[in-house]
file run20.cif (mmCIF, C-alpha atoms)
data_run
#
loop_
_atom_site.label_atom_id
_atom_site.label_comp_id
_atom_site.auth_asym_id
_atom_site.auth_seq_id
_atom_site.Cartn_x
_atom_site.Cartn_y
_atom_site.Cartn_z
CA MET A 1 -0.86 -27.51 49.48
CA GLN A 2 -0.86 -24.96 46.63
CA PRO A 3 0.89 -21.60 46.99
CA LYS A 4 -1.41 -18.61 47.27
CA LYS A 5 -1.48 -16.17 44.37
CA ILE A 6 -0.64 -12.63 45.33
CA GLN A 7 -2.50 -9.98 43.39
CA ARG A 8 -0.75 -6.71 42.92
CA ASN A 9 -2.03 -3.51 41.44
CA CYS A 10 0.81 -2.71 39.06
CA LYS A 11 -1.01 -0.14 36.99
CA MET A 12 1.08 2.77 35.84
CA ALA A 13 -0.28 6.26 36.27
CA LYS A 14 -1.65 7.55 32.98
CA LYS A 15 -0.15 10.73 31.60
CA SER A 16 -2.51 13.61 30.99
CA LYS A 17 -1.10 14.28 27.52
CA GLU A 18 0.55 11.65 25.39
CA ALA A 19 3.88 12.89 24.00
CA ARG A 20 4.24 10.04 21.44
CA VAL A 21 2.00 10.15 18.39
CA GLN A 22 1.78 8.06 15.24
CA VAL A 23 2.76 9.80 11.99
CA ILE A 24 2.56 8.76 8.34
CA MET A 25 5.66 9.19 6.18
CA GLU A 26 5.20 9.50 2.39
CA CYS A 27 7.84 9.37 -0.34
CA THR A 28 8.60 12.73 -1.99
CA GLU A 29 10.27 11.30 -5.13
CA HIS A 30 7.43 8.87 -5.89
CA LYS A 31 4.91 11.71 -6.26
CA THR A 32 7.01 13.45 -8.90
CA SER A 33 7.94 10.25 -10.80
CA GLY A 34 4.40 9.76 -12.14
CA GLN A 35 4.32 6.03 -11.37
CA PRO A 36 1.11 4.61 -9.88
CA GLY A 37 0.91 3.78 -6.18
CA THR A 38 2.46 5.34 -3.08
CA SER A 39 5.22 4.48 -0.66
CA ARG A 40 4.13 5.13 2.93
CA TYR A 41 5.46 4.16 6.34
CA VAL A 42 3.87 4.55 9.78
CA THR A 43 6.14 5.50 12.67
CA THR A 44 5.97 7.36 15.98
CA LYS A 45 7.54 10.59 17.14
CA ASN A 46 7.72 12.61 20.32
CA LYS A 47 5.77 15.85 19.88
CA LYS A 48 7.76 17.68 22.54
CA ASN A 49 11.20 16.91 21.06
CA THR A 50 10.27 17.28 17.36
CA PRO A 51 7.34 19.67 16.89
CA GLU A 52 8.13 20.24 13.18
CA ARG A 53 7.54 17.68 10.44
CA MET A 54 10.06 14.85 10.17
CA GLU A 55 12.06 13.74 7.14
CA LEU A 56 13.65 10.28 7.04
CA LYS A 57 15.42 8.24 4.40
CA LYS A 58 13.44 5.03 3.86
CA TYR A 59 13.42 2.30 1.21
CA ASN A 60 10.88 2.72 -1.61
CA ARG A 61 9.94 -0.73 -2.93
CA ILE A 62 8.47 0.58 -6.18
CA LEU A 63 11.48 2.74 -7.13
CA LYS A 64 13.85 0.16 -5.54
CA LYS A 65 16.07 2.72 -3.82
CA MET A 66 16.42 4.82 -0.68
CA THR A 67 14.37 8.03 -0.88
CA VAL A 68 13.36 10.89 1.39
CA HIS A 69 10.02 10.34 3.14
CA ARG A 70 8.28 13.36 4.65
CA GLU A 71 5.60 13.41 7.33
CA ILE A 72 2.04 14.07 6.09
CA LYS A 73 -1.12 14.93 7.98
#
call {"tool": "encode", "arguments": {"input": "run20.cif", "output": "structure tokens"}}
result
Amino acid sequence: MQPKKIQRNCKMAKKSKEARVQVIMECTEHKTSGQPGTSRYVTTKNKKNTPERMELKKYNRILKKMTVHREIK
């Protein structure tokens, strides 16, 4: 005799407005250096906690050092 499978509706209620959004971070030093290419990262942020644009220190593979990356639209 096989055990019966119990089906449960475990769906979470969907929020009306999503607080987390994806943002693109672009290197500020790479633009001014004149070298070809760009250094970009994709991350998420909470719109309610940080409504202004973010700045993070991330690694730039082309310049081979840590640089400031600023959020772009």
call {"tool": "residues_around", "arguments": {"input": "run20.cif", "residues": "Tyr59 in chain A", "least_positions_apart": "2", "cutoff": "10 Å", "atoms": "all atoms listed in the file", "output": "PDB file with C-alpha atoms, keeping the file's coordinate frame"}}
result
ATOM      1  CA  CYS A  27       7.840   9.370  -0.340  1.00  0.00           C
ATOM      2  CA  SER A  39       5.220   4.480  -0.660  1.00  0.00           C
ATOM      3  CA  ARG A  40       4.130   5.130   2.930  1.00  0.00           C
ATOM      4  CA  TYR A  41       5.460   4.160   6.340  1.00  0.00           C
ATOM      5  CA  LEU A  56      13.650  10.280   7.040  1.00  0.00           C
ATOM      6  CA  LYS A  57      15.420   8.240   4.400  1.00  0.00           C
ATOM      7  CA  ARG A  61       9.940  -0.730  -2.930  1.00  0.00           C
ATOM      8  CA  ILE A  62       8.470   0.580  -6.180  1.00  0.00           C
ATOM      9  CA  LEU A  63      11.480   2.740  -7.130  1.00  0.00           C
ATOM     10  CA  LYS A  64      13.850   0.160  -5.540  1.00  0.00           C
ATOM     11  CA  LYS A  65      16.070   2.720  -3.820  1.00  0.00           C
ATOM     12  CA  MET A  66      16.420   4.820  -0.680  1.00  0.00           C
ATOM     13  CA  THR A  67      14.370   8.030  -0.880  1.00  0.00           C
ATOM     14  CA  VAL A  68      13.360  10.890   1.390  1.00  0.00           C
ATOM     15  CA  HIS A  69      10.020  10.340   3.140  1.00  0.00           C
TER      16      HIS A  69
END
call {"tool": "closest_residue", "arguments": {"input": "run20.cif", "among": "A:Asn46, A:Asn60, A:Ile72, A:Ile6", "to": "His30 in chain A", "atoms": "only C-alpha atoms"}}
result
A:Asn60
call {"tool": "atom_distance", "arguments": {"input": "run20.cif", "atom1": "CA of Asn49 in chain A", "atom2": "CA of Lys73 in chain A"}}
result
18.1 Å
call {"tool": "residues_around", "arguments": {"input": "run20.cif", "residues": "Glu71 in chain A", "least_positions_apart": "3", "cutoff": "9 Å", "atoms": "all atoms listed in the file", "output": "number ranges by chain"}}
result
A: 23-27, 53-56
call {"tool": "atom_distance", "arguments": {"input": "run20.cif", "atom1": "CA of Gly37 in chain A", "atom2": "CA of Thr50 in chain A"}}
result
28.7 Å
call {"tool": "atom_distance", "arguments": {"input": "run20.cif", "atom1": "CA of Ser33 in chain A", "atom2": "CA of Arg70 in chain A"}}
result
15.8 Å
call {"tool": "decode", "arguments": {"input": "run20.cif", "residues": "chain A", "atoms": "C-alpha atoms", "output": "CSV table (one decimal), in the first residue's frame"}}
result
chain,number,residue,atom,x,y,z
A,1,MET,CA,0.0,0.0,0.0
A,2,GLN,CA,1.4,3.4,-1.1
A,3,PRO,CA,1.1,6.5,1.1
A,4,LYS,CA,-1.3,9.1,-0.2
A,5,LYS,CA,0.1,12.4,-1.3
A,6,ILE,CA,-1.2,15.4,0.4
A,7,GLN,CA,-1.6,18.5,-1.7
A,8,ARG,CA,-1.3,21.8,0.1
A,9,ASN,CA,-1.8,25.2,-1.3
A,10,CYS,CA,1.4,26.9,0.0
A,11,LYS,CA,1.2,30.0,-2.2
A,12,MET,CA,2.3,33.2,-0.6
A,13,ALA,CA,0.2,36.3,-0.9
A,14,LYS,CA,1.6,38.6,-3.6
A,15,LYS,CA,2.5,42.1,-2.5
A,16,SER,CA,0.8,44.9,-4.3
A,17,LYS,CA,4.1,46.8,-4.9
A,18,GLU,CA,7.5,45.1,-5.0
A,19,ALA,CA,10.0,46.9,-2.7
A,20,ARG,CA,13.0,45.1,-4.2
A,21,VAL,CA,14.2,46.2,-7.7
A,22,GLN,CA,17.2,45.3,-9.8
A,23,VAL,CA,19.7,48.1,-10.4
A,24,ILE,CA,22.8,48.4,-12.6
A,25,MET,CA,26.0,49.7,-11.1
A,26,GLU,CA,28.6,51.3,-13.4
A,27,CYS,CA,32.2,52.2,-12.6
A,28,THR,CA,32.9,55.9,-12.3
A,29,GLU,CA,36.7,55.7,-12.8
A,30,HIS,CA,36.5,53.6,-15.9
A,31,LYS,CA,34.5,56.3,-17.8
A,32,THR,CA,37.2,58.9,-17.1
A,33,SER,CA,40.2,56.6,-17.8
A,34,GLY,CA,39.4,56.5,-21.6
A,35,GLN,CA,39.9,52.7,-21.8
A,36,PRO,CA,37.5,50.8,-24.0
A,37,GLY,CA,34.7,48.7,-22.4
A,38,THR,CA,32.7,49.2,-19.2
A,39,SER,CA,32.6,47.6,-15.8
A,40,ARG,CA,29.0,46.9,-14.7
A,41,TYR,CA,27.3,44.9,-12.0
A,42,VAL,CA,23.7,44.0,-11.5
A,43,THR,CA,22.3,44.0,-7.9
A,44,THR,CA,19.1,44.5,-6.0
A,45,LYS,CA,18.0,47.2,-3.6
A,46,ASN,CA,15.0,48.0,-1.5
A,47,LYS,CA,13.3,51.1,-2.8
A,48,LYS,CA,11.7,52.0,0.5
A,49,ASN,CA,15.0,51.9,2.5
A,50,THR,CA,17.3,53.5,-0.1
A,51,PRO,CA,15.3,55.8,-2.4
A,52,GLU,CA,18.5,57.7,-3.6
A,53,ARG,CA,21.1,56.2,-5.9
A,54,MET,CA,23.5,53.7,-4.4
A,55,GLU,CA,27.3,53.8,-4.5
A,56,LEU,CA,29.3,50.7,-3.8
A,57,LYS,CA,33.0,49.7,-4.0
A,58,LYS,CA,33.3,46.8,-6.4
A,59,TYR,CA,36.2,45.2,-8.3
A,60,ASN,CA,36.9,46.5,-11.8
A,61,ARG,CA,38.5,43.7,-13.8
A,62,ILE,CA,39.8,46.0,-16.6
A,63,LEU,CA,41.5,48.4,-14.2
A,64,LYS,CA,42.4,45.5,-11.8
A,65,LYS,CA,41.5,47.4,-8.6
A,66,MET,CA,38.5,48.3,-6.3
A,67,THR,CA,36.6,51.3,-7.6
A,68,VAL,CA,33.4,53.2,-6.8
A,69,HIS,CA,30.4,51.9,-8.8
A,70,ARG,CA,27.3,54.2,-9.0
A,71,GLU,CA,23.8,53.2,-9.9
A,72,ILE,CA,22.6,54.1,-13.4
A,73,LYS,CA,19.1,54.2,-14.9
